[in-house]
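Q: Could you have a look at this structure, given as structure tokens, before my questions?
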Amino acid sequence: MGQKLLIVDDKREIRQLVRATLEFEGWEVVEAETGDDGVEAALEHIPDLVIMDMVMPGKIDGMEATRRIKADPATAACKVIMLSGSEKELRGAALEAGVEEFIKKPFSPLDLIEKVENLFGDRT
């Protein structure tokens with residue numbers, strides 16, 4: 001059975017790109033549109049990897065959603081890759097929140113695959 005991925009992003013196009021890229025690599029994919037929904041989906045599905053957008057509408061942003069996922073013993077082991085349009089000033093705060101990798105938007109599918117392979121090893 002493949003590993004499980006949760007994509008949390010308010011933009012459908014980004015979710016579709018990530019889904020298409022990583023389903024091809026054998027990942028089982030679950031999606032959420034907001035930080036709140038992402039935290040709920042993480043608890044429900046216990047993904048191996050969360051790809052989290054930094055800025056989203058709703059009560060909590062990607063940074064806070066990551067903190068909550070990392071703080072819960074059930075989901076603390078989930079690895080998180082943060083997506084953001086503004087990398088430099090937020091990198092430190094994201095790493096502090098528990099993010100393992102950072103991808104600056106726009107990104108290519110190859111960049112995404114490389115980051116995932118860095119975290120999980122080449123699974124092919």
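In the structure tokens, chains take the letters A, B, ... in the order shown, each chain's residues start at 1, and ligands count up from 1 in the order shown.
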Would you please give, as a PyMOL selection string, all residues of range 26-67 of chain A that DSSP assigns to alpha helix (DSSP H) based on the backbone?
A: chain A and resi 35-45+62-67
Q: Which residues of range 72-95 of chain A come within 12 Å of range 10-18 of chain A, and what is each one's closest atom pair and distance in Å (one decimal), counting only C-alpha atoms, sorted by chain and residue number, as a Markdown table?
A:
| residue | atom | partner | partner_atom | distance |
| --- | --- | --- | --- | --- |
| A:Ile81 | CA | A:Val18 | CA | 11.7 |
| A:Leu83 | CA | A:Ile14 | CA | 9.8 |
| A:Ser84 | CA | A:Ile14 | CA | 11.5 |
Q: Restricting the calculation to only C-alpha atoms: of A:Leu49, A:Ala42, A:Ile7, A:Leu22, which residue gets closest to Glu100 in chain A?
A: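 Between A:Leu49, A:Ala42, A:Ile7, A:Leu22, the residue approaching Glu100 in chain A most closely is A:Leu49.
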Q: For Val39 in chain A, find every residue with an atom within 7 Å (counting only C-alpha atoms), except residues of its own chain fewer than 2 positions away, and show them as a short mmCIF file (atom, residue, chain, number, x, y, z; two decimals) with C-alpha atoms, in the first residue's frame.
A:
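Final output, saved to out_27.cif:
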data_model
loop_
_atom_site.label_atom_id
_atom_site.label_comp_id
_atom_site.auth_asym_id
_atom_site.auth_seq_id
_atom_site.Cartn_x
_atom_site.Cartn_y
_atom_site.Cartn_z
CA GLY A 35 -6.25 25.10 7.77
CA ASP A 36 -9.14 23.98 9.97
CA ASP A 37 -10.16 21.28 7.50
CA ALA A 41 -8.31 15.61 7.84
CA ALA A 42 -4.89 14.93 9.39
CA LEU A 43 -6.55 13.49 12.51
CA ALA A 65 -2.45 24.28 11.19
CA ARG A 68 -1.64 21.90 15.68
CA ILE A 69 -0.80 18.83 13.58
#
Q: Of the candidates A:Ala74, A:Lys59, A:Phe24, A:Lys79, which one gets nearest to Leu6 in chain A if we count only C-alpha atoms?
A: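 Closest candidate: A:Lys79.
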Q: So, with only C-alpha atoms as the atoms that count, which of A:Pro47, A:Gly121, A:Pro106, A:Gly58 lies closest to Val80 in chain A?
A: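 Closest candidate: A:Pro47.
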Q: Show which residues sit within 12 Å of Ile103 in chain A, as a ChimeraX atom specification. Count only C-alpha atoms, and ignore same-chain residues fewer than 5 positions away.
A: /A:51-54,80-88,90-91,94,108-116
Q: Run DSSP on the backbone of this structure and report the residues of range 14-117 of chain A it assigns to strand (DSSP E or B), as number ranges by chain.
A: A: 28-32, 49-53, 79-84, 101-104
Q: Considering only C-alpha atoms, can you say which of A:Leu5, A:Val55, A:Ala97, A:Ala76 comes closest to Ala20 in chain A?
A: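 Looking at the shortest contact to Ala20 in chain A, the residue is A:Leu5.
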Q: Quick check, in Å to one decimal: how far apart do CA of Thr34 in chain A and CA of Met63 in chain A lie?
A: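 A separation of 11.6 Å between them.
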Q: Can you tell me how far CA of Gly38 in chain A sits from CA of Lys105 in chain A, in Å to one decimal?
A: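 Atom-to-atom, CA of Gly38 in chain A and CA of Lys105 in chain A are spaced 19.4 Å apart.
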